Amino acid sequence: MERSALSTRLVPIPALRDVVQLLKPITWFPPMWAFMCGAVSSGAGLDGRWLFVLGGVLLAGPLVCGTSQAVNDWFDRHVDAINEPDRPIPSGRIAGRWGLYIALIATAISALVAWLLGPLVFVAALVGLALAWGYSAPPFRFKTSGWTGPAVVGLTYEGLSWFTGAAVMLGAMPSAQVLIVLVLYSIGAHGIMTLNDFKAVEGDRATGLRSLPVILGVAPAARLACAVMALAQIAVIAVLALWGLTLSAVLVGGVLAAQIAAMPKLLRDPKQYAPWYNGVGVTLYVLGMLAAALGLGGYI
């Protein structure tokens, strides 16, 4: 019994490559891009704010987003044992409670960096971190709802990251126009997050996660995702035009037209083509975000 207890306590420290894999660097791009869009939309110059910008990029990507990935993998380790057993935690490469410890350490570092970047950034980061934990951890487990889960991710990845970029550059609250556009793009991101759920339909059914592909069916969920993405961008085009940002509105309209042209292929077989659309349609979506930000910042 003593030998067994001792072996349980002596869990090896995870290898750096496994920690990096747990934090999923590929997922850092969307919030870092949204942060850049926020910085651009502020219209402020970089003079004297380079360290703040670098700190904000670090906060949006490796820290807050990386924290959310660690939290998700820890609380989803049983689901991942079905869907993706080669991930660091279910495979045993990050053993014991190290997955939880990494999530807690990353949370603390994220809060510290956000504090150094200013009070508005600190509040935004705390909201993002709270949503990251609430998304995966009981009792909330927002991800169990196909409606709430994607909304939470869209808000944190796009909205809060965009807000942080603008707040870092301005050192103050962004304009109402910036806030309206970031909210619209956050709503549209609900569709992007729904498309991500197609890869795990079987595992979600087996573990009781009520993603939209599970509760609505694959085809209806795909149509809804496309509609949400398109309608949000139509609203962005409308407000940009209303504010006299004509070129920006035209550019967003162009990338939306290209997305709509790609949607029929996705809808023919959503499970097969969701990864393809995530590469094509989502790239166009985020290019539209930049076009909107350039208009708001007065660059076009």
# chains A, B, ... in the order shown; residues from 1 in each chain; ligands from 1
>>> residues_around(residues="Val152 (chain A)", least_positions_apart="3", cutoff="8 Å", atoms="only C-alpha atoms", output="list in words")
Leu131, Tyr135, Phe142, Thr148, Gly149, Leu155 and Thr156 of chain A
>>> write_last_selection(atoms="N, CA, C and O atoms", output="mmCIF file, in the first residue's frame")
data_model
loop_
_atom_site.group_PDB
_atom_site.id
_atom_site.type_symbol
_atom_site.label_atom_id
_atom_site.label_comp_id
_atom_site.auth_asym_id
_atom_site.auth_seq_id
_atom_site.Cartn_x
_atom_site.Cartn_y
_atom_site.Cartn_z
ATOM 1 N N LEU A 131 -14.963 32.799 -18.403
ATOM 2 C CA LEU A 131 -15.712 32.077 -19.432
ATOM 3 C C LEU A 131 -14.961 30.828 -19.882
ATOM 4 O O LEU A 131 -15.582 29.799 -20.199
ATOM 5 N N TYR A 135 -16.759 27.390 -19.512
ATOM 6 C CA TYR A 135 -17.047 26.649 -20.731
ATOM 7 C C TYR A 135 -16.885 25.149 -20.529
ATOM 8 O O TYR A 135 -17.695 24.353 -21.021
ATOM 9 N N PHE A 142 -20.625 25.260 -20.078
ATOM 10 C CA PHE A 142 -21.337 25.905 -21.171
ATOM 11 C C PHE A 142 -21.266 25.089 -22.453
ATOM 12 O O PHE A 142 -22.169 25.158 -23.287
ATOM 13 N N THR A 148 -25.225 27.887 -26.108
ATOM 14 C CA THR A 148 -24.409 28.708 -25.221
ATOM 15 C C THR A 148 -22.921 28.541 -25.489
ATOM 16 O O THR A 148 -22.163 29.520 -25.498
ATOM 17 N N GLY A 149 -22.476 27.299 -25.710
ATOM 18 C CA GLY A 149 -21.053 27.042 -25.881
ATOM 19 C C GLY A 149 -20.426 27.844 -27.004
ATOM 20 O O GLY A 149 -19.442 28.579 -26.784
ATOM 21 N N LEU A 155 -17.521 35.010 -28.246
ATOM 22 C CA LEU A 155 -17.315 36.237 -27.483
ATOM 23 C C LEU A 155 -15.870 36.374 -27.021
ATOM 24 O O LEU A 155 -15.276 37.454 -27.114
ATOM 25 N N THR A 156 -15.288 35.280 -26.524
ATOM 26 C CA THR A 156 -13.931 35.362 -26.001
ATOM 27 C C THR A 156 -12.899 35.455 -27.117
ATOM 28 O O THR A 156 -11.984 36.281 -27.065
#
>>> select_by_dssp(residues="region 140-258 of chain A", states="alpha helix (DSSP H)", output="count of residues only")
87
>>> closest_residue(among="A:Leu16, A:Leu22, A:Leu209, A:Ile192", to="Leu284 (chain A)", atoms="only C-alpha atoms")
A:Ile192
>>> atom_distance(atom1="CA of Ile180 (chain A)", atom2="CA of Leu251 (chain A)")
18.1 Å
>>> residues_around(residues="Phe35 (chain A)", least_positions_apart="2", cutoff="7 Å", atoms="only C-alpha atoms", output="PyMOL selection string")
chain A and resi 31-33+37-39+57+60+161-162+164-165
>>> atom_distance(atom1="CA of Thr144 (chain A)", atom2="CA of Leu23 (chain A)")
21.2 Å
